[in-house]
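Asker: Hey, dropping final-v2.cif in here, mmCIF, C-alpha atoms and all ligand atoms:
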```cif
data_final
loop_
_atom_site.group_PDB
_atom_site.id
_atom_site.type_symbol
_atom_site.label_atom_id
_atom_site.label_comp_id
_atom_site.auth_asym_id
_atom_site.auth_seq_id
_atom_site.Cartn_x
_atom_site.Cartn_y
_atom_site.Cartn_z
ATOM 1 C CA MET Z 1 11.528 0.021 -1.493
ATOM 2 C CA LYS Z 2 8.870 2.167 0.151
ATOM 3 C CA PHE Z 3 7.023 0.736 3.147
ATOM 4 C CA PHE Z 4 3.304 1.436 3.412
ATOM 5 C CA ILE Z 5 1.173 0.055 6.227
ATOM 6 C CA ASP Z 6 -2.097 -1.573 5.207
ATOM 7 C CA THR Z 7 -4.479 -0.662 8.010
ATOM 8 C CA ALA Z 8 -6.911 1.960 9.257
ATOM 9 C CA ASN Z 9 -5.793 1.400 12.865
ATOM 10 C CA LEU Z 10 -4.375 4.704 14.114
ATOM 11 C CA ASP Z 11 -2.254 3.142 16.893
ATOM 12 C CA GLN Z 12 -0.554 0.800 14.431
ATOM 13 C CA ILE Z 13 0.002 3.638 11.969
ATOM 14 C CA LYS Z 14 1.576 5.717 14.788
ATOM 15 C CA GLU Z 15 3.806 2.807 15.821
ATOM 16 C CA ALA Z 16 5.159 2.369 12.280
ATOM 17 C CA GLN Z 17 5.537 6.142 11.830
ATOM 18 C CA ASP Z 18 7.452 6.393 15.122
ATOM 19 C CA MET Z 19 9.979 3.833 13.842
ATOM 20 C CA GLY Z 20 10.864 6.366 11.147
ATOM 21 C CA ILE Z 21 10.505 3.895 8.286
ATOM 22 C CA LEU Z 22 6.946 4.524 7.130
ATOM 23 C CA ASP Z 23 6.366 5.975 3.664
ATOM 24 C CA GLY Z 24 2.580 5.857 3.501
ATOM 25 C CA VAL Z 25 -0.695 4.117 4.289
ATOM 26 C CA THR Z 26 -3.183 2.074 2.290
ATOM 27 C CA THR Z 27 -6.736 1.453 3.386
ATOM 28 C CA ASN Z 28 -9.816 -0.125 1.899
ATOM 29 C CA PRO Z 29 -13.493 -0.356 2.918
ATOM 30 C CA SER Z 30 -12.864 -3.694 4.698
ATOM 31 C CA LEU Z 31 -10.014 -2.229 6.789
ATOM 32 C CA MET Z 32 -12.198 0.770 7.721
ATOM 33 C CA ALA Z 33 -15.042 -1.532 8.765
ATOM 34 C CA LYS Z 34 -12.598 -3.617 10.840
ATOM 35 C CA GLU Z 35 -11.847 -0.491 12.917
ATOM 36 C CA GLY Z 36 -15.572 0.252 13.265
ATOM 37 C CA ILE Z 37 -15.343 3.320 11.012
ATOM 38 C CA THR Z 38 -18.616 3.505 9.104
ATOM 39 C CA GLY Z 39 -20.576 6.225 7.278
ATOM 40 C CA THR Z 40 -19.097 8.607 4.724
ATOM 41 C CA ASP Z 41 -18.503 11.486 7.164
ATOM 42 C CA ASN Z 42 -16.648 9.312 9.685
ATOM 43 C CA ILE Z 43 -14.604 7.674 6.952
ATOM 44 C CA MET Z 44 -13.628 11.079 5.517
ATOM 45 C CA LYS Z 45 -12.600 12.319 8.991
ATOM 46 C CA HIS Z 46 -10.588 9.153 9.530
ATOM 47 C CA TYR Z 47 -8.607 9.768 6.323
ATOM 48 C CA VAL Z 48 -7.709 13.229 7.580
ATOM 49 C CA ASN Z 49 -6.627 11.778 10.944
ATOM 50 C CA ILE Z 50 -4.390 9.279 9.138
ATOM 51 C CA CYS Z 51 -2.855 12.088 7.052
ATOM 52 C CA LYS Z 52 -2.032 13.971 10.249
ATOM 53 C CA ILE Z 53 0.015 11.013 11.521
ATOM 54 C CA VAL Z 54 2.028 10.113 8.410
ATOM 55 C CA ASP Z 55 4.122 12.191 6.024
ATOM 56 C CA GLY Z 56 3.525 10.165 2.855
ATOM 57 C CA ASP Z 57 0.753 9.066 0.517
ATOM 58 C CA VAL Z 58 -2.544 7.799 1.959
ATOM 59 C CA SER Z 59 -4.731 5.734 -0.364
ATOM 60 C CA ALA Z 60 -8.458 6.381 -0.007
ATOM 61 C CA GLU Z 61 -10.754 4.038 -1.928
ATOM 62 C CA VAL Z 62 -13.873 5.025 -3.846
ATOM 63 C CA ILE Z 63 -16.902 2.779 -3.516
ATOM 64 C CA SER Z 64 -18.656 3.848 -6.728
ATOM 65 C CA THR Z 65 -18.374 1.488 -9.659
ATOM 66 C CA ASP Z 66 -19.397 3.952 -12.394
ATOM 67 C CA PHE Z 67 -17.172 6.666 -13.890
ATOM 68 C CA ASP Z 68 -19.271 9.663 -12.772
ATOM 69 C CA GLY Z 69 -19.540 8.356 -9.219
ATOM 70 C CA MET Z 70 -15.808 7.626 -9.040
ATOM 71 C CA VAL Z 71 -14.974 11.124 -10.276
ATOM 72 C CA ARG Z 72 -17.379 12.727 -7.788
ATOM 73 C CA GLU Z 73 -16.067 10.666 -4.875
ATOM 74 C CA GLY Z 74 -12.434 10.941 -5.915
ATOM 75 C CA GLU Z 75 -12.618 14.727 -6.211
ATOM 76 C CA ALA Z 76 -14.131 14.969 -2.720
ATOM 77 C CA LEU Z 77 -11.410 12.694 -1.327
ATOM 78 C CA ALA Z 78 -8.634 14.653 -3.073
ATOM 79 C CA GLU Z 79 -9.988 17.848 -1.479
ATOM 80 C CA LEU Z 80 -9.508 16.369 2.005
ATOM 81 C CA HIS Z 81 -5.707 16.522 2.080
ATOM 82 C CA ASP Z 82 -2.808 16.777 -0.367
ATOM 83 C CA GLN Z 83 -1.505 13.372 0.784
ATOM 84 C CA ILE Z 84 -4.624 11.569 -0.447
ATOM 85 C CA VAL Z 85 -4.222 9.137 -3.363
ATOM 86 C CA ILE Z 86 -7.457 8.059 -5.085
ATOM 87 C CA LYS Z 87 -7.796 4.285 -5.007
ATOM 88 C CA LEU Z 88 -9.816 2.927 -7.930
ATOM 89 C CA PRO Z 89 -10.888 -0.626 -8.757
ATOM 90 C CA MET Z 90 -9.489 -2.392 -11.833
ATOM 91 C CA ILE Z 91 -12.683 -2.280 -13.880
ATOM 92 C CA LYS Z 92 -13.367 -0.425 -17.135
ATOM 93 C CA ASP Z 93 -14.753 2.685 -15.428
ATOM 94 C CA GLY Z 94 -11.896 2.548 -12.902
ATOM 95 C CA VAL Z 95 -9.355 2.706 -15.744
ATOM 96 C CA LYS Z 96 -11.262 5.616 -17.295
ATOM 97 C CA ALA Z 97 -11.377 7.422 -13.936
ATOM 98 C CA CYS Z 98 -7.656 6.759 -13.454
ATOM 99 C CA LYS Z 99 -6.925 8.515 -16.764
ATOM 100 C CA TYR Z 100 -9.237 11.376 -15.730
ATOM 101 C CA PHE Z 101 -7.381 11.919 -12.440
ATOM 102 C CA SER Z 102 -3.877 11.411 -13.824
ATOM 103 C CA ASP Z 103 -4.589 13.977 -16.578
ATOM 104 C CA ARG Z 104 -5.400 16.428 -13.778
ATOM 105 C CA GLY Z 105 -2.283 15.673 -11.711
ATOM 106 C CA ILE Z 106 -4.173 13.793 -8.990
ATOM 107 C CA LYS Z 107 -2.419 10.677 -7.693
ATOM 108 C CA THR Z 108 -4.121 7.300 -8.196
ATOM 109 C CA ASN Z 109 -3.770 3.722 -6.998
ATOM 110 C CA VAL Z 110 -5.418 1.057 -9.159
ATOM 111 C CA THR Z 111 -6.413 -1.787 -6.875
ATOM 112 C CA LEU Z 112 -7.610 -5.398 -7.114
ATOM 113 C CA VAL Z 113 -5.017 -6.223 -9.779
ATOM 114 C CA PHE Z 114 -4.446 -9.927 -10.370
ATOM 115 C CA SER Z 115 -2.893 -10.144 -13.854
ATOM 116 C CA PRO Z 116 -0.121 -8.548 -15.939
ATOM 117 C CA GLY Z 117 -2.708 -7.351 -18.481
ATOM 118 C CA GLN Z 118 -4.575 -5.415 -15.793
ATOM 119 C CA ALA Z 119 -1.296 -3.863 -14.656
ATOM 120 C CA LEU Z 120 -0.536 -2.829 -18.252
ATOM 121 C CA LEU Z 121 -3.908 -1.067 -18.483
ATOM 122 C CA ALA Z 122 -3.261 0.756 -15.187
ATOM 123 C CA ALA Z 123 0.109 2.009 -16.470
ATOM 124 C CA LYS Z 124 -1.400 3.153 -19.759
ATOM 125 C CA ALA Z 125 -4.035 5.087 -17.806
ATOM 126 C CA GLY Z 126 -1.199 6.882 -15.979
ATOM 127 C CA ALA Z 127 -1.733 5.326 -12.537
ATOM 128 C CA THR Z 128 0.681 6.511 -9.864
ATOM 129 C CA TYR Z 129 0.503 3.089 -8.212
ATOM 130 C CA VAL Z 130 -0.725 -0.335 -9.286
ATOM 131 C CA SER Z 131 -1.704 -2.771 -6.528
ATOM 132 C CA PRO Z 132 -1.229 -6.460 -7.365
ATOM 133 C CA PHE Z 133 -2.671 -8.574 -4.498
ATOM 134 C CA ILE Z 134 -0.049 -11.236 -3.910
ATOM 135 C CA GLY Z 135 -1.492 -12.890 -0.788
ATOM 136 C CA ARG Z 136 -4.884 -13.446 -2.376
ATOM 137 C CA LEU Z 137 -3.232 -15.145 -5.373
ATOM 138 C CA ASP Z 138 -1.233 -17.367 -2.998
ATOM 139 C CA ASP Z 139 -4.566 -18.190 -1.296
ATOM 140 C CA ILE Z 140 -5.788 -19.815 -4.514
ATOM 141 C CA SER Z 141 -2.549 -21.711 -5.210
ATOM 142 C CA THR Z 142 -1.243 -19.165 -7.716
ATOM 143 C CA ASP Z 143 2.204 -17.609 -7.300
ATOM 144 C CA GLY Z 144 1.569 -14.006 -6.253
ATOM 145 C CA LEU Z 145 5.248 -13.110 -6.390
ATOM 146 C CA ASN Z 146 5.439 -14.234 -10.009
ATOM 147 C CA LEU Z 147 2.903 -11.520 -10.819
ATOM 148 C CA ILE Z 148 5.227 -8.911 -9.303
ATOM 149 C CA ALA Z 149 8.081 -10.233 -11.474
ATOM 150 C CA GLU Z 150 5.925 -10.141 -14.619
ATOM 151 C CA ILE Z 151 4.738 -6.584 -13.994
ATOM 152 C CA ARG Z 152 8.306 -5.440 -13.228
ATOM 153 C CA HIS Z 153 9.460 -6.932 -16.539
ATOM 154 C CA ILE Z 154 6.676 -5.280 -18.550
ATOM 155 C CA TYR Z 155 7.033 -1.877 -16.892
ATOM 156 C CA ASP Z 156 10.806 -1.907 -17.361
ATOM 157 C CA ASN Z 157 10.395 -2.776 -21.069
ATOM 158 C CA TYR Z 158 8.599 0.519 -21.625
ATOM 159 C CA ALA Z 159 9.910 2.625 -18.723
ATOM 160 C CA TYR Z 160 6.392 3.058 -17.352
ATOM 161 C CA GLU Z 161 6.520 5.304 -14.305
ATOM 162 C CA THR Z 162 3.621 3.614 -12.507
ATOM 163 C CA GLN Z 163 4.953 2.285 -9.205
ATOM 164 C CA ILE Z 164 4.374 -1.374 -8.364
ATOM 165 C CA LEU Z 165 2.731 -1.408 -4.944
ATOM 166 C CA ALA Z 166 2.785 -5.034 -3.790
ATOM 167 C CA ALA Z 167 -0.445 -5.417 -1.798
ATOM 168 C CA SER Z 168 -2.062 -8.181 0.208
ATOM 169 C CA VAL Z 169 1.380 -8.745 1.703
ATOM 170 C CA ARG Z 170 0.906 -11.060 4.661
ATOM 171 C CA HIS Z 171 4.335 -11.704 6.220
ATOM 172 C CA THR Z 172 8.020 -10.856 6.283
ATOM 173 C CA MET Z 173 9.044 -13.226 3.468
ATOM 174 C CA HIS Z 174 6.594 -11.471 1.147
ATOM 175 C CA VAL Z 175 8.349 -8.197 2.025
ATOM 176 C CA ILE Z 176 11.819 -9.600 1.359
ATOM 177 C CA ASP Z 177 10.801 -11.325 -1.881
ATOM 178 C CA CYS Z 178 9.088 -8.147 -3.124
ATOM 179 C CA ALA Z 179 12.303 -6.224 -2.441
ATOM 180 C CA LYS Z 180 14.338 -8.838 -4.367
ATOM 181 C CA LEU Z 181 11.952 -8.576 -7.326
ATOM 182 C CA GLY Z 182 12.115 -4.795 -7.424
ATOM 183 C CA ALA Z 183 8.623 -3.838 -6.268
ATOM 184 C CA ASP Z 184 8.627 -0.079 -5.709
ATOM 185 C CA VAL Z 185 6.407 -0.262 -2.630
ATOM 186 C CA MET Z 186 5.019 -2.931 -0.363
ATOM 187 C CA THR Z 187 1.966 -2.547 1.828
ATOM 188 C CA GLY Z 188 1.355 -4.971 4.653
ATOM 189 C CA PRO Z 189 0.210 -5.308 8.244
ATOM 190 C CA LEU Z 190 2.372 -3.942 11.069
ATOM 191 C CA SER Z 191 3.531 -7.500 11.847
ATOM 192 C CA SER Z 192 5.085 -7.813 8.372
ATOM 193 C CA ILE Z 193 7.239 -4.770 9.195
ATOM 194 C CA THR Z 194 8.121 -5.410 12.848
ATOM 195 C CA GLY Z 195 8.783 -9.083 12.028
ATOM 196 C CA LEU Z 196 11.785 -7.919 9.997
ATOM 197 C CA LEU Z 197 13.468 -6.868 13.255
ATOM 198 C CA LYS Z 198 13.635 -10.364 14.619
ATOM 199 C CA HIS Z 199 16.773 -12.474 14.750
ATOM 200 C CA PRO Z 200 17.795 -14.652 17.706
ATOM 201 C CA LEU Z 201 21.490 -13.858 17.176
ATOM 202 C CA THR Z 202 20.703 -10.147 17.570
ATOM 203 C CA ASP Z 203 19.017 -10.831 20.920
ATOM 204 C CA ILE Z 204 21.794 -13.165 22.114
ATOM 205 C CA GLY Z 205 24.505 -10.758 20.942
ATOM 206 C CA LEU Z 206 22.901 -7.754 22.630
ATOM 207 C CA GLU Z 207 22.407 -9.667 25.869
ATOM 208 C CA LYS Z 208 26.115 -10.585 25.882
ATOM 209 C CA PHE Z 209 27.282 -7.034 25.078
ATOM 210 C CA LEU Z 210 25.193 -5.647 27.940
ATOM 211 C CA ALA Z 211 26.364 -8.369 30.355
ATOM 212 C CA ASP Z 212 30.029 -7.737 29.437
ATOM 213 C CA TYR Z 213 29.562 -3.995 29.866
ATOM 214 C CA LYS Z 214 28.156 -4.552 33.360
ATOM 215 C CA LYS Z 215 31.170 -6.747 34.301
ATOM 216 C CA GLY Z 216 33.522 -3.832 33.648
ATOM 217 C CA ASN Z 217 31.398 -1.276 35.577
HETATM 218 O O1 LIG Z 301 -3.625 -4.146 0.292
HETATM 219 C C1 LIG Z 301 -4.654 -5.010 -0.010
HETATM 220 C C2 LIG Z 301 -5.110 -5.665 1.211
HETATM 221 O O2 LIG Z 301 -5.806 -4.813 2.048
HETATM 222 C C3 LIG Z 301 -5.752 -6.961 1.029
HETATM 223 O O3 LIG Z 301 -5.086 -7.763 1.906
HETATM 224 O O4 LIG Z 301 -4.792 -9.684 3.355
HETATM 225 O O5 LIG Z 301 -7.111 -8.890 2.755
HETATM 226 O O6 LIG Z 301 -5.674 -10.018 1.064
HETATM 227 P P1 LIG Z 301 -5.699 -9.171 2.289
#
```
How does this structure look as structure tokens?

Answerer:
Amino acid sequence: MKFFIDTANLDQIKEAQDMGILDGVTTNPSLMAKEGITGTDNIMKHYVNICKIVDGDVSAEVISTDFDGMVREGEALAELHDQIVIKLPMIKDGVKACKYFSDRGIKTNVTLVFSPGQALLAAKAGATYVSPFIGRLDDISTDGLNLIAEIRHIYDNYAYETQILAASVRHTMHVIDCAKLGADVMTGPLSSITGLLKHPLTDIGLEKFLADYKKGN
């Protein structure tokens, strides 16, 4: 499973990249605003800065909600760097724009997906990635992980190549469960990645190994 980090924070992106396990980055307008990155020019520059840190795909979201606007914005974003993936909302014009970009060999990520039917539409439009938001479904007492399982089942039935990018991942168990269910990618905060390191027996075992080494030296 690929690991993407879901943030626009450059320090956190660097930290994950330095671990050697990062496959890409996802962002959205809320994550940009959280880092104080506002205005089209600054946002565009920030995408380029992110691309300079990571080797993999970097999702950059359009804010237009009409086809022409999405195409205009998406083309400008794609020009920024060859790692940019155009992130489009799961609405009718977003599906149409996804087909437009996939026909032209430009990578896409269809976001704000909350049902298997939406994921089916994204695959039919040739999306590179589909982003089901599991945490936000959990927030409203609906099983987000079940959506991953349903999409996996449907995509496998027809060998769709669209990659399931489990989004709105909040913690380590989401990561592990997504891996069990066969999500192709997960995107989450840095804590959902570094949290995977933790086990008390690792710490106790290492402490003992180091203490025993010192005894003999
Ligand atoms: O990847 C989608 C993500 O940015 C949304 O996460 O935690 O705001 O639901 P969250």

Asker: Got a sec: who's within 8 Å of range 11-26 of chain Z, counting only C-alpha atoms, leaving out chain neighbours fewer than 5 positions off, as an MDAnalysis selection string?

Answerer: chainID Z and resid 2:6 50 53:60 187 190

Asker: Using all atoms of ligand LIG 301 (chain Z) listed in the file and a margin of 5 Å per side, can you give the axis-aligned box centre and edge lengths in Å to one decimal, as JSON?

Answerer:
```
{"center_x": -5.4, "center_y": -7.1, "center_z": 1.7, "size_x": 13.5, "size_y": 15.9, "size_z": 13.4}
```

Asker: Show me a table, sorted first by chain and then by increasing residue number, of the residues of chain Z having an atom at most 8 Å from ligand LIG 301 (chain Z), each with its shortest atom pair and the distance in Å to one decimal, counting only C-alpha atoms and all ligand atoms and written as a Markdown table.

Answerer:
```
| residue | atom | partner | partner_atom | distance |
| --- | --- | --- | --- | --- |
| Z:Asp6 | CA | Z:LIG301 | O1 | 5.8 |
| Z:Thr7 | CA | Z:LIG301 | O2 | 7.4 |
| Z:Thr26 | CA | Z:LIG301 | O1 | 6.5 |
| Z:Thr27 | CA | Z:LIG301 | O2 | 6.5 |
| Z:Asn28 | CA | Z:LIG301 | O2 | 6.2 |
| Z:Ser30 | CA | Z:LIG301 | O2 | 7.6 |
| Z:Leu31 | CA | Z:LIG301 | O2 | 6.8 |
| Z:Thr111 | CA | Z:LIG301 | C1 | 7.8 |
| Z:Leu112 | CA | Z:LIG301 | C1 | 7.7 |
| Z:Ser131 | CA | Z:LIG301 | O1 | 7.2 |
| Z:Phe133 | CA | Z:LIG301 | C1 | 6.1 |
| Z:Ile134 | CA | Z:LIG301 | O6 | 7.6 |
| Z:Gly135 | CA | Z:LIG301 | O6 | 5.4 |
| Z:Arg136 | CA | Z:LIG301 | O6 | 4.9 |
| Z:Ala166 | CA | Z:LIG301 | O1 | 7.7 |
| Z:Ala167 | CA | Z:LIG301 | O1 | 4.0 |
| Z:Ser168 | CA | Z:LIG301 | O3 | 3.5 |
| Z:Val169 | CA | Z:LIG301 | O4 | 6.5 |
| Z:Arg170 | CA | Z:LIG301 | O4 | 6.0 |
| Z:Thr187 | CA | Z:LIG301 | O1 | 6.0 |
| Z:Gly188 | CA | Z:LIG301 | O1 | 6.7 |
```

Asker: Using only C-alpha atoms, which residues sit within 8 Å of Ala119 in chain Z once same-chain residues fewer than 5 positions away are excluded, as JSON, numbers by chain?

Answerer: {"Z": [113, 130, 132, 151]}

Asker: Excluding Met173 in chain Z and its own-chain neighbours fewer than 2 positions away, which residues fall within 12 Å of it when counting all atoms listed in the file? Please give them as a PyMOL selection string.

Answerer: chain Z and resi 134-135+145+169-171+175-180+186+188+191-193+195-196

Asker: Just want the 12 Å neighbourhood of Gly105 in chain Z, counted on all atoms listed in the file, with same-chain residues fewer than 3 positions away dropped. Output as a list in words.

Answerer: Glu75, Ala78, Asp82, Val85, Ile86, Cys98, Lys99, Tyr100, Phe101, Ser102, Thr108, Gly126, Ala127 and Thr128 of chain Z

Asker: Quick check, in Å to one decimal: how far apart do CA of Val185 in chain Z and CA of Leu165 in chain Z lie?

Answerer: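 Spanning CA of Val185 in chain Z to CA of Leu165 in chain Z is a straight-line distance of 4.5 Å.
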
Asker: With all atoms listed in the file as the basis for distance, which of Z:Ile154, Z:Ala159, Z:Ala125, Z:Cys51 is at the shortest distance from Val95 in chain Z?

Answerer: Z:Ala125

Asker: Considering only C-alpha atoms, state which residue in the set Z:Glu35, Z:Asp66, Z:Glu61, Z:Asp156 is at the smallest distance from Asp184 in chain Z.

Answerer: Z:Asp156

Asker: Looking at only C-alpha atoms, which of Z:Leu120, Z:Leu206, Z:Ile37, Z:Val62 is the one that sits closest to Tyr158 in chain Z?

Answerer: Z:Leu120

Asker: Name the closest residue to Asn109 in chain Z among the candidates Z:Lys45, Z:Lys96, Z:Lys124, Z:Lys87; distances are taken between atoms, counting only C-alpha atoms.

Answerer: Z:Lys87

Asker: Can you tell me which residues surround Met70 in chain Z at a distance of at most 9 Å, considering only C-alpha atoms, apart from same-chain residues fewer than 4 positions away, and format the answer as a ChimeraX atom specification?

Answerer: /Z:62-66,74-75,88,93-94,97

Asker: Given the selection you just returned, output its residues as a file containing C-alpha atoms, formatted as a PDB file, in the frame of the given file.

Answerer:
```pdb
ATOM      1  CA  VAL Z  62     -13.873   5.025  -3.846  1.00  0.00           C
ATOM      2  CA  ILE Z  63     -16.902   2.779  -3.516  1.00  0.00           C
ATOM      3  CA  SER Z  64     -18.656   3.848  -6.728  1.00  0.00           C
ATOM      4  CA  THR Z  65     -18.374   1.488  -9.659  1.00  0.00           C
ATOM      5  CA  ASP Z  66     -19.397   3.952 -12.394  1.00  0.00           C
ATOM      6  CA  GLY Z  74     -12.434  10.941  -5.915  1.00  0.00           C
ATOM      7  CA  GLU Z  75     -12.618  14.727  -6.211  1.00  0.00           C
ATOM      8  CA  LEU Z  88      -9.816   2.927  -7.930  1.00  0.00           C
ATOM      9  CA  ASP Z  93     -14.753   2.685 -15.428  1.00  0.00           C
ATOM     10  CA  GLY Z  94     -11.896   2.548 -12.902  1.00  0.00           C
ATOM     11  CA  ALA Z  97     -11.377   7.422 -13.936  1.00  0.00           C
TER      12      ALA Z  97
END
```

Asker: Which distance in Å separates CA of Asn157 in chain Z and CA of Leu121 in chain Z, to one decimal?

Answerer: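 Interatomic distance, CA of Asn157 in chain Z to CA of Leu121 in chain Z: 14.6 Å.
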
Asker: Take CA of Gly69 in chain Z and CA of Asp103 in chain Z and report the distance between them in Å, one decimal.

Answerer: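 Distance reported for this atom pair: 17.6 Å.
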
Asker: When you count all atoms listed in the file, which of these residues is closest to Met90 in chain Z: Z:Phe67, Z:Ala122, Z:Ile43, Z:Asn217?

Answerer: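 Looking only at the distances to Met90 in chain Z, the closest residue turns out to be Z:Ala122.
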